[in-house]
Structure formats: structure tokens, C-alpha cells
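Note sheet for the following structure.
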Amino acid sequence: MGEQKTVEDFANWLRDLAVTLHENAAYLTELDSAIGDADHGTNMDRGFTAIVAVLDETTFESVDELLKKAGMTLVSKVGGASGPLYGTFFLRFGTALAGAEITPASVGAALKAGIGGILTRGKPELGDKTMYDAWAPALEAYDGAVAGGSDLGGALAAAAEAAAKGRDATIPLVARKGRASYLGERSAGHQDPGATSTTLLLESAARTLA
Amino acid sequence: MGEQKTVEDFANWLRDLAVTLHENAAYLTELDSAIGDADHGTNMDRGFTAIVAVLDETTFESVDELLKKAGMTLVSKVGGASGPLYGTFFLRFGTALAGAEITPASVGAALKAGIGGILTRGKPELGDKTMYDAWAPALEAYDGAVAGGSDLGGALAAAAEAAAKGRDATIPLVARKGRASYLGERSAGHQDPGATSTTLLLESAARTLA
Amino acid sequence: MGFMKKLINDPADVVSEALRGMEAAHPDHIRVDHENRIVYRKDAPKAGKVGLISGGGSGHEPMHGGFVGLGMLDAACAGEVFTSPVPDQMMAATKEVDAGAGVLHIVKNYTGDVMNFEMAAELAAAEAGTEVLSVVTDDDVAVQDSLYTAGRRGVGVTVLLEKLVGAAAEEGRPLQEIADLAKRINDNGRSMGMALTSCTVPAAGKPTFELAENEMEVGIGIHGEPGRQRLPLAPAKDIAALLVDPVVGDLPYQQGDTVIAFMNGMGGTPLIELYLMYNEVRQLLDRAGITVARSLVGNYITSLEMAGCSVTLLKVDDELVRLWDAPVNTPGLRWRA
Amino acid sequence: MGFMKKLINDPADVVSEALRGMEAAHPDHIRVDHENRIVYRKDAPKAGKVGLISGGGSGHEPMHGGFVGLGMLDAACAGEVFTSPVPDQMMAATKEVDAGAGVLHIVKNYTGDVMNFEMAAELAAAEAGTEVLSVVTDDDVAVQDSLYTAGRRGVGVTVLLEKLVGAAAEEGRPLQEIADLAKRINDNGRSMGMALTSCTVPAAGKPTFELAENEMEVGIGIHGEPGRQRLPLAPAKDIAALLVDPVVGDLPYQQGDTVIAFMNGMGGTPLIELYLMYNEVRQLLDRAGITVARSLVGNYITSLEMAGCSVTLLKVDDELVRLWDAPVNTPGLRWRA
Ligand SMILES: Nc1ncnc2c1ncn2[C@@H]1O[C@H](COP(=O)(O)OP(=O)(O)O)[C@@H](O)[C@H]1O
Ligand SMILES: Nc1ncnc2c1ncn2[C@@H]1O[C@H](COP(=O)(O)OP(=O)(O)O)[C@@H](O)[C@H]1O
Ligand SMILES: [Mg+2]
Ligand SMILES: [Mg+2]
Ligand SMILES: [Mg+2]
Ligand SMILES: [Mg+2]
């Protein structure tokens, strides 16, 4: 439980996430059909299938190398909006953990760095109806849990729960970023696909890094 | 009844036929959809609408002029297979009546000439699943009725009845001429559109020239 | 009448309004006689050149109006949708493009087209003394050929023939030579088509045939008519074989032959699929030992909004390849000009 | 997964198989790096010439791969269907076509495209020292423009821009001038599109949106996304007004302006309807006092098999008309070459 997490644990997270995204590919694409271009599930599935292929081939010495490679793989294989966004997230998440011990605090700082990457690339603001609407409350909840003494698993569980709330909160929003913004008022009433995949990512992390 | 038919009577036939074809345009096109290209009703309707326009504008001195003009109008306005076929029919039908008294016999000879035009243009044989499968028995029945002493109306009624039988007999046939022939065996089970319009033509004649 | 997913106004005006748009779009290539619905090469008649005329029902765009211009047709007569034009149109066009060297009528083998062009040729010869020869294209191997039937349909080869014969006419060759060349091209070409969907004749208002979501029609023509066979949907690889095999199997192809390969879309199939299909076709031709000298991929002889495709192969020699490469400048096909 | 009326094999292979077919069809124009899914102009890099690169999701054919060749692009990067390509592709293309004069990236304004191209430009500049400038097209008036949103989509103007800037690059003009020209072209172009039907992303297996038989979507983009408004089906005349009015109403058109008018099909709409629509568009432009210098009518920037169309107007001066008329020799657009 409270033990130091290893490269294997993070690799297992990525493998679990790949399975989850594969299982949810049709669902994510369906959400993207309503207010986008019907590819978010395929995009995420393609990216994480590629990550699993890398994991099968390569042995990683450190968590940061693993995560940076995951980010580079997403950048190279996904395309669309989600490729650079999730790719940059993992690149910066990994970079922040370079040389660091894996602690609730260091992971929190890395999450923040990763989300910073999303902000740099996509310039989302809260309420724009994007994945950031899941990431922002997740980070806040994570930090709060750590401040309250949670271990990594607990903090990730709190983050996942907050992400899910943020994801649900995207439903009534009128999109201002991403493809959904082209629909104007018609984007209201639909859940953002990226906020949904972000929630799956954090739920998987809470499951596998507990 | 047995009186000599005038230009007006023949003009009335064409007008009645125009109404009939207009009313049956969707039906004829539907038949042509099954084994052709979905235009027979539109073609016939366009042609006879043009004939009515001519009738509204022109006074004809003789039956043969009227019928030749009808034929030329069909040739000029219809196109497709039915334009030259019905156009040539009316051209030769009219030409055969030039200078002749309108009698059951002269009309019979003219019908034969008209059908000869169809044979020249389309080279149909009996059983090819074309309009000729209605025309051929119609002519035979007409001649038989005249030989049996029928007046014009009676002979036309006999012709129309035989045409209807010929039309129905096209249903099981495998087409060898026209577009339906492209379907091979799949053309069987469908009624030929041209045989159907030929029957309408003769039924209208029997109605208006009785 | 049901709803039609078409960009049209009154169904009766489709052809004439489309011709107006075409004229507006291509002022450098064509002029249009709207009363007679004839698309003329802007500078027709060309002194000393054999006049080339084609025509047929509308709904096959860009054929034929889009193939009017330098190196191809001098005039195209547009009929109603899927209905052959009338002799008056071909007569008017024949007189207009005759520059003293005679006129060739390029006719697709449909009963209506053949009869209407025949009447026009008779009348034009009688009235104006114009020398008219005709070539009838009949390349569709989906149709059983026989003396007792209407014979095979004219489909994809018509496009290639108009290009090749157009180039020959541009060289100033005499009418009989042009007609012989046309005949030779037709004899060396074969086609086969298939449909994923039906199409709707505007005046009819509903699809000519119904096709379930798991079905396709194989052996279709270009008039929305049903095909020879209804089959379950299949991968592109299998569809390519269904089209290529009967084409290659029919005379006159054999190992070592060189062809122009024409992958045609029926109107509603996007280019990405046509390229994908062409990849399959090329693999089959490679395996059959047939060399492709030139390729044409796109929507050139269509059936309104029908989804589907056809494959045409034309056996060529060096002369035909040279004629293919010659300049052409029409709305629908253009190169080296 | 339901049935798809598409000529494909495995949905995952659509893009790579289509690229193989494209390469087979156009051996004189292009070569394809299949691993990186890049379509190159056959003779790239051209010494001394600014390299022009575009790219984007697939499903818009002939754009962009069909616009590679003399007088247009040097390379096009193909993403998955409706998914922007990845930076590795743009980086590879950038290095390959750089002939010392720098490279222009032509990017349609979509979050994914912009981000991926940005990453590529950063990396290419860092790695190889190639000078890279970018132009982002955003001409779709269906989308409300605002500082706080993703902004307008890049649609039809992209095609015209690639042609015009391609001609300028062919003249050997320097990178900054080319980029300025591109910016000016984008600023002077506006578009608006509509759909009669949805389309199906192969990997998704079903239509992106559902549309009843009496409905149409107005204000759509090119990725099968729903539009701004769902309206009852209307005659071509009314649809033309729905498209032309917001385009003309937006800056910068006014009475007396001269434009290139581009009537584009979305992929499933046949040419006969596009010409008919263009006739309507021209009448509206006449009434607005706008002169059409050049026309382009056809399926050039598409959305798979979607039925529908878009109108693009680009305000031009004599120089732009001259660049438009300059030779172009690509699979999708070709003249004077
Ligand atoms: N500017 C942005 N900032 C943050 N997230 C964004 C932005 N634009 C889009 N997204 C996210 O990306 C998701 C769409 O991803 P995807 O469908 O894979 O890419 P694309 O939109 O290019 O098709 C959206 O649901 C949204 O959450
Ligand atoms: N060779 C022929 N001889 C006689 N009648 C024919 C021949 N070919 C076709 N027809 C008739 O023409 C009818 C079709 O007419 P129509 O649909 O108007 O023309 P098209 O076949 O050119 O579309 C057929 O139903 C058939 O009766
Ligand atoms: Mg998407
Ligand atoms: Mg018909
Ligand atoms: Mg017809
Ligand atoms: Mg996308």
C-alpha cells in the first residue's frame, strides 16, 4: 500500500489504462460523434496500443523514462488534439519525476507539471468544456488529500472522483475550445470526450497505483 | 358510333391519352424502376404534354397531319427508347392514313404500318418483353374483329383487350431487348413498362374513338 | 413524393439549371445552346477537323459535357436525366460542328441512344449533306452479348475513347480513319461496375431500387438500373476481384498486355475509396501479368449520387498511349494545355 | 459494428491503402513515404524554392495529397481519417523538402492541427535549423470568431491558398513574402458549408450524426461534425442564399469586388448538383454586384461520402488572378502543364 512505487507499477498503470481505453473506445468515439468528429476513442486506443507495444519491447530503468517514452509515443502516434495534449502531459509528468523519489508530494508536483503542459498547448480555461475541466478539480482534490495526509492511492482516488465530477459538469457547458466549440449552443447537453478519457486515466491510476 | 371519325375525334384521343399517361406516370416509372431506369412515365408524360400544347396552338386539316405532328413531337421531345418508337409509330400511322377515308380497315392498315415502324427501329421479336408484345396481339385481334364485322370502336376494344393480355404475358418473360435485358434472369417477374403504356394507348383509343 | 437529398429546385429544371452553372464555371472552354441543350467547344467548328459529337442522358457528369474542348469533343447533347437526347439535338450539333471534314457520332449502346442518334444521322445527311459516321461503345462485360439481345452497354470505355479519338481528330486525320480508330478502341476495352447504393432520378422522386444495408449490386450500368446480381457486402479486395476477373477473363487481355486502367466512381463514392480500390485492382493486374501504361482514377462517368465504382481496362499500343498523353483541355479532363 | 457502404477492407488500413492506390495512379506527380504517410512532389526538393507543406486528417481527398506537384505543394502529411497528422510526419517532410529557402507550413485552424504543426516546427527548427513559417487558415464564417474560442475553422480557402501560394513559390520568391501572401489570401477568403447527409468515419462504423430525411445541417465543417443549425430541407435556391449571404455579409466583400468563386462538393454530391448550385450562387453574386474572375466547381475539400456543398469566395486582385492562372500540375488540380 504505502510502499514506494516502482517502474513496474507505473507500467501496470499504463497497461491497465490501455485495456480500459480499448474497452471504452466505442463509448469515447460516440461522445465525440455528438460534438466532435468521432475519433477520440480510436485516437486514445491507437496511442495506448502503441504504448503497450513499447512496454513489451523495452525495459525501463526509471519511472521518468517510462513516462517520457509514453508521452513521446502519444505525440508520435495519436495526432488530433488529444495526441499533443496527453503526449505533453506525460512528457512533463515524467520529466518532473526525473531523479525524484515517488511520493504523494512528488507525484502531485508532477501532475501539476503535466497539466501545465496541457495549459501551454491548448490554453484551455475552466469551463471551456475540455479535458481541463476534469484535470483542474482533480489536481485540487489530489493536493487536498495529500495535505490531509493521504497516501498516493488515496490521493489518486480523490483526484479520480473529482475528475468524474468535473467530467459530469461539462455536460451543460457551451464549448469554447476544441471542435465542440464549432457547435456553439448546440454543444450544451453533451459530455466532453476528453474529460471522460481523463477521468478514465485517473481512475486507472487510482486502481493500479494504490 | 359507326360514323366517320374526324380530326377532332383523333385529337380527343390524344388529349385523353395525355391525361391517362399523366395519371399513370408514377406507375409507369415504378415499373421502369424495377427493370429499367425509372423514366418511362416521365418520358411519356413529357411527350404527350407537348402534344397537347401543339393541339392547343394548331388547327389540323386532316387526321394524317395531326398524327404525323404527334409523331414528330414525340421524336423531338421524348428521347430514350420510347421517343423514337412511339414517334415512328405515330409518323407511319399518320402517313398511312394520308388521303384515306377513316374506316376500320384503313385504321387497321395504318396500325400495321405504325407497328412496322416500331419493328424497323427496335427490331423487337415476340417474347422479347417489349411493347411489341402488346402491339402484336393487339393488331391480330383488331384485324380479327374487323374481319368479323366490328366497327372501329369494337375493333379497338378487341385490340386493347389483347394488348392487356400481351402486357400481362410479359411478366414472366426474360427480357432480350431494351434495358430490362441487362438484368438477364432477374427481369422475369416484372411487367414491361412499354407494353403497359401501349395498352393504355389502345384503351384510350377504344374509349375515345368508339 | 418523398424527400430527396439533392441540391435541386424543381426536378423538371435540373438539367437546364446545371447547364447554366456549367457554362458559368467554364467560360474559357465551352458555350452552351440552352434551347437545344448542347454544350459546344468554345471555338467550334475547327476548320479542317472532324467534328466529334457525343451525348446521352444527363446524370453521368462530367460525361459528356465535361469532355468538350480541345483534344476531346466538339459538342455534347444533354438529354433528360437517364434519357437519351432527341434527334433534333444531334442534328443541330452535327450541323454546327461540321467544318467540312465530316462528323463522328460517339454513341453508347443503349436502345434509346442508338435509335435517336440513327434518326439524327439520317436526317443530317439528308438535310445538310454532312458526312456522318457513328461508333457505338459496348464494353460492359456484365451484360451477356448476343445477336438476339440489345447487346452490351456502353460504359467506361466511352470516356477513354472520347479522349483518344479527340486527340486523333486534333491531328487533322480524316473521318474514316477516326471512325476506324474509335471502333478499334471500343473493341479493345472492357468494363464492369458495382453499386453500394441506388440513386434517385429527380423526376421519379425515390431510389430506383432498394438495397439493404448489407447488400451490394454487381454488374450495374450507369442508369441506376439494378445489376446482374445482388450479393452480400464484401471487402474492397473481394469487390476488386468481382470486377477485374470478368474484365480480364473476357477477350482480349492476356499476360504481357499493356493497358490504360480506369477506376471510375459512380458519383457518391469519395476519392479515398477509389484510390483504395485502385490499389486492389493494381495488385490483381500485377498478378495477371498485365502492365498498366496509364491510370485514370476519379468520378468521370457517373450515375447521379450512386455509391460504387467500375473498372475499365483498355488494351493499348504505343500509338494509343501517345494519343492519351496528347494535350486535352476540357472541364473534366485536362493536361498539357 | 453495423454495415458500412464503403469500398474498404479493414478500417484501420484505409489511409495506408488509399495512399498506395494514389501512388499507383499518379507515378508522374508524386512519390509516397508510406512509413511516414507523406506524399511528396516527385522532384522535391526544388533547389532555391521555398518548400510548401500541408497536411491534416484524411477523408478530405483530393486535399491535401492531391495538391502535391508543380505549382502547389511539395509535401502533404496524411493523418488518420479526420485526425491531424503527428509532428514526426511534418518534421520528416520539412527536412525533406527544405532546399535552403525555408519551408511554409499551411495549417487549417483546428486545435489538433495547430498543436501538431507547432510541435513539428519547433522540433524542425531546433534539430535541422530549417527556417519554418506557418500560415493558419480560418475562413469558415459558420463559426463565431472570438479571442476566447478555438476560432474559425480552416476550410475551402485552404485549397485556393495552396494553389496561389504554390504559384508564387514556383517563381522563387522568398519565404517571408510567401508567408505574407498566404496570410493576405486567408484574410480575403470566406466560406460556408452545408450537409444533406452525415458521413461515417470507418473506425467509428456508424454515421457521426443522424439526419432525418427532411432535414439538412447548415454551417458544417469538413470533419463530419454537426453544423450550427439543423433546418428543413430547402430548394437549391434557398440553400445558396443560406451559404452566400453570410459569406458576402462578412468582411471584406463589397459591391464592385472581384472574386474567385469556389463551389465545393462534400464528397457524396454529384457534379450535376454542384453545377446547379453554382448557377444559383452566380445569380446571387450578380445581384450583389460581385464580379467572378475565376471559378472552381467540384469535389476538392471533402468530408468522406457526405452529401452537401460549401461556397468559398476569395477577393482577388490582378496579381492573384495571375497566380491562379499559372501552371499547376497535381493529381487534383491541373492546367497549363
Ligand atoms: N484547447 C484545448 N485544451 C484542452 N483540451 C482540448 C482542447 N481542444 C480539445 N481538447 C480536448 O480534446 C478532446 C478531443 O480529442 P480528439 O477527439 O482526440 O481530437 P480532435 O478534436 O482533434 O478530433 C476534447 O474532447 C477536449 O477534451
Ligand atoms: N428494341 C425495342 N423494341 C421495342 N420496344 C422496346 C425496345 N427497347 C425498349 N423498348 C420499350 O421501351 C420501353 C422503355 O422506354 P423508356 O423507359 O421510355 O426508354 P429507356 O429504356 O430508354 O429509358 C420498354 O419498356 C420497352 O417496352
Ligand atoms: Mg475528435
Ligand atoms: Mg426507361
Ligand atoms: Mg431512359
Ligand atoms: Mg479528429
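Ligands are numbered from 1 in the order shown, residues from 1 within each chain, and chains are lettered A, B, ... in the order they appear in the C-alpha cells.
For the pair chain A and chain B, the all-Cα root-mean-square deviation following least-squares superposition comes to 0.0 Å.
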Just need the residues of chain D within 7 Å of chain C, counting only C-alpha atoms, so spit them out as a ChimeraX atom specification. /D:3,5,7-9,17-18,20-22,25,59,61-62,196,213-214,235-237,267-273,275-279,295-297,304-305,334-337
As a ChimeraX atom specification, list the residues of region 12-61 of chain A assigned to helix (DSSP H, G or I) by DSSP on the backbone atoms of this structure. /A:12-23,25-35,40-57
Hey, which residues come within 8 Å of ligand 2 if we count only C-alpha atoms and all ligand atoms? Could you give them as a ChimeraX atom specification? /B:29,32,36-44,78-83,85,118-119,121-125,129-132,177-180,192-196 /C:82-84,110-113,150
Counting only C-alpha atoms, which of B:Ala206, B:Leu28, B:Ile35, B:Ala11 gets nearest to Thr208 (chain C)? B:Ile35
Report the residues of region 146-324 of chain C whose backbone DSSP state falls under strand (DSSP E or B), written as number ranges by chain. C: 189-195, 200, 207, 215-218, 229-232, 258-265, 291-298, 308-315
Deliver the residues from the most recent selection as a file, using C-alpha atoms, as a short mmCIF file (atom, residue, chain, number, x, y, z; two decimals), in the first residue's frame.
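Saved file selection-v2.cif follows:
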```
data_model
loop_
_atom_site.label_atom_id
_atom_site.label_comp_id
_atom_site.auth_asym_id
_atom_site.auth_seq_id
_atom_site.Cartn_x
_atom_site.Cartn_y
_atom_site.Cartn_z
CA GLY C 189 -11.90 -2.13 -73.94
CA ARG C 190 -13.93 -3.91 -71.27
CA SER C 191 -15.67 -2.68 -68.12
CA MET C 192 -17.55 -3.93 -65.08
CA GLY C 193 -19.32 -1.94 -62.37
CA MET C 194 -20.93 -2.32 -58.95
CA ALA C 195 -23.11 -0.26 -56.65
CA THR C 200 -32.80 8.68 -57.26
CA PRO C 207 -34.50 5.40 -55.32
CA GLU C 215 -26.12 -5.77 -49.78
CA MET C 216 -24.48 -4.57 -52.96
CA GLU C 217 -25.37 -4.83 -56.64
CA VAL C 218 -22.80 -6.24 -59.01
CA GLN C 229 -26.50 -9.98 -59.12
CA ARG C 230 -27.25 -8.91 -55.59
CA LEU C 231 -24.53 -10.04 -53.21
CA PRO C 232 -23.65 -9.54 -49.57
CA THR C 258 -0.38 -3.19 -71.67
CA VAL C 259 -3.49 -1.28 -70.68
CA ILE C 260 -4.91 2.03 -69.61
CA ALA C 261 -6.57 1.26 -66.28
CA PHE C 262 -9.59 3.38 -65.37
CA MET C 263 -11.01 3.23 -61.85
CA ASN C 264 -14.26 5.13 -62.04
CA GLY C 265 -16.54 6.31 -59.24
CA THR C 291 1.13 -3.82 -67.36
CA VAL C 292 -0.55 -0.51 -66.69
CA ALA C 293 0.71 2.21 -69.01
CA ARG C 294 -1.60 4.97 -67.76
CA SER C 295 -4.14 5.34 -64.96
CA LEU C 296 -7.30 7.35 -64.52
CA VAL C 297 -8.96 7.40 -61.10
CA GLY C 298 -11.99 9.51 -60.29
CA GLY C 308 -19.97 2.36 -56.17
CA CYS C 309 -17.37 2.03 -58.84
CA SER C 310 -16.43 0.49 -62.13
CA VAL C 311 -13.23 -0.81 -63.61
CA THR C 312 -12.33 -0.31 -67.27
CA LEU C 313 -9.31 -1.76 -68.98
CA LEU C 314 -8.27 -0.69 -72.44
CA LYS C 315 -5.54 -2.59 -74.22
#
```
Which neighbours of Gly99 (chain B) fall inside 9 Å, counting only C-alpha atoms, when residues of the same chain fewer than 4 positions from it are skipped, and could you give them as JSON, numbers by chain? {"B": [62, 64, 95]}
